[in-house]
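Asks: Would you mind keeping the following structure in view while I ask a few things?
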Amino acid sequence: MFFFRIFLMAMRSLTIHPLRSILATLGVIIGVGAVVAAMAILEGMGARFRSGFESMGSNRIYVSPALERRNQRVVGSFDSLKYEDAIAINKECPGVQVAMPQVSYPNALVKFLSKSTNANVLGTTELYTTVNSHEIADGEFIRPSDLQAGRYVAVLGSKVKRELFGGRPAIDECIKITGLLGARTFTVIGVMEEKGTVAFQDVDQQIIIPVTTAMAKLFGTKSIHAVVAEAASADDTDIEAAKKQIKKLLRKRHKIRAGQQDDFQVQAQKEFVEQVATFQKIIGVVLWSIAGISLVVGGIGIMNIMLVAVTERTREIGVRMAMGAQRSDVLQQFLIEASIVSFLGGAVGVLMGWGLATTIERITRVMETLTTGSSIVMALAMATAVGIVSGIYPAWKASRLDPIEALRYE
């Protein structure tokens, strides 16, 4: 009953000066709202990234060129990863089920008659459908003979097909792809099924061509960008065994001596997920730190309004003490009032942050947001703690008033 009466008194004091109360809690509202919205975006991106990797399988291994360093400075990346390395991994690493080489060129210009679009061009092999669980919807996929002959054939993603051909058939039509060596004409032999975004990459907005054609006739490169391999199973022991086999083979093929730096790096998919989780935690700490600054500013505002309330209600405090109220009762009253003010500001901030995150998701139609219960509870807890800390001095000042002097106050 005591706390309920104090709650009613606090609400009454807020409604007497509503504008002053809003301005006092503005720092808390902005701080909590901003961090809830930012954390919702961050959690949504993390969840999307994790689900994308999980959909590709947990036994994946990525081989890519290592960063080249000179005098402790990064000067680029090695170009020593070859198409033949992928073939050797397939043949000589018993712990690897399959290994797929790939080169990619983002935002390449693609034309069909008067229509054009930009797409990610992926040069790879016939193993793509097996590794990525991405099947053909129409026509056929790249064949080993296409790789051997370096043919100008292309398989379109579903979005690219719609943008260039609309509802008309695309099979056996000719398109032009502009690469580093200029525009080349390719014959469409297939269209992939719609799959959406996988690990932040829209696989429907890509064109797949033979890796040999991409290297020699479109990009003009003698090296590949990556090898995507799959271990025998998702067991950590099998993945580590496959990684060791790949490293041993590539060091031998690249003639790297003992003690020399590898010109490649081998990472399991699990390591990427862990790196994303670590990055997410770091960003979370930064966001909460920024929110803390706003909450400190909000706490100063709450302390100010509570000091004003002590001055305005000096006579009331004197009357309560004259009627038998203890100093601890007055202290509790003002502490609870300060925490309620801060909590309500935090609640408004949570609603504002959730609404902002939802609005961003609907406007962009790309970002996914996820407002978790833990972030809401933490935001409200921080807001309430700020209110209690900010109310300590005003509450102490109110409890130390002399009852006789307080009764004389006009």
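Going through the structure tokens in order, the chains are called A, B, and so on, while each chain numbers its residues from 1 and the ligands are numbered from 1 in the order shown.
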Show which residues sit within 10 Å of Asp329 (chain A), as a PyMOL selection string. Count only C-alpha atoms, and ignore same-chain residues fewer than 3 positions away.

Replies: chain A and resi 2+320-321+324-326+332-335+395+399

Asks: Could you take the residues named above and write them with C-alpha atoms, as a short mmCIF file (atom, residue, chain, number, x, y, z; two decimals), in the first residue's frame?

Replies:
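Output file part12.cif follows:
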data_model
loop_
_atom_site.label_atom_id
_atom_site.label_comp_id
_atom_site.auth_asym_id
_atom_site.auth_seq_id
_atom_site.Cartn_x
_atom_site.Cartn_y
_atom_site.Cartn_z
CA PHE A 2 2.87 2.34 0.88
CA ARG A 320 4.73 14.49 6.80
CA MET A 321 7.61 14.57 9.27
CA GLY A 324 5.45 10.98 12.32
CA ALA A 325 7.10 10.14 8.99
CA GLN A 326 10.69 8.95 9.39
CA GLN A 332 12.36 6.00 -0.07
CA GLN A 333 9.61 8.20 -1.49
CA PHE A 334 11.94 10.36 -3.57
CA LEU A 335 14.08 7.41 -4.68
CA ALA A 395 16.22 12.08 -1.79
CA SER A 399 15.23 13.45 4.14
#

Asks: What lies within 9 Å of Lys270 (chain A) using only C-alpha atoms, ignoring chain neighbours under 6 positions off, as a list in words?

Replies: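 Counting only the stated atoms, we get Phe53, Ser58, Asn59, Arg60 and Ile61 of chain A.
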
Asks: Using only C-alpha atoms, which protein or nucleic acid residues come within 8 Å of region 101-118 of chain A? Drop anything in the same chain fewer than 4 positions from it, and give the result as a PyMOL selection string.

Replies: chain A and resi 83+86+122-125+160+163-165+174-179+211+214-215+224-228

Asks: Give the answer as one residue: which of A:Ile207, A:Leu26, A:Met352, A:Ile340 has the shortest atom-to-atom distance to Ile376 (chain A), using only C-alpha atoms?

Replies: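 Selected residue with least distance to Ile376 (chain A): A:Met352.
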
Asks: When you count only C-alpha atoms, which of these residues is closest to Leu370 (chain A): A:Gln275, A:Ser390, A:Thr358, A:Thr197?

Replies: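 Result for the nearest residue to Leu370 (chain A): A:Thr358.
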
Asks: Any chance you could list, as a PyMOL selection string, the residues in region 228-385 of chain A that come up alpha helix (DSSP H) when DSSP is run on the backbone?

Replies: chain A and resi 236-253+269-312+314-322+327-364+373-385

Asks: Step one, run DSSP on the backbone; step two, keep only residues of region 167-385 of chain A assigned to strand (DSSP E or B); then write them as an MDAnalysis selection string.

Replies: chainID A and resid 174:179 182:192 197:198 201:202 206:210 226:231 264:268

Asks: Distance CA of Arg12 (chain A)-CA of Glu337 (chain A), one decimal place?

Replies: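 Distance reported for this atom pair: 10.4 Å.
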
Asks: Quick one, how far is CA of Ile305 (chain A) from CA of Leu380 (chain A)?

Replies: 19.9 Å

Asks: Between A:Ile283, A:Asp138, A:Phe219, A:Val198, single out the one closest to Asp172 (chain A), counting only C-alpha atoms.

Replies: A:Asp138
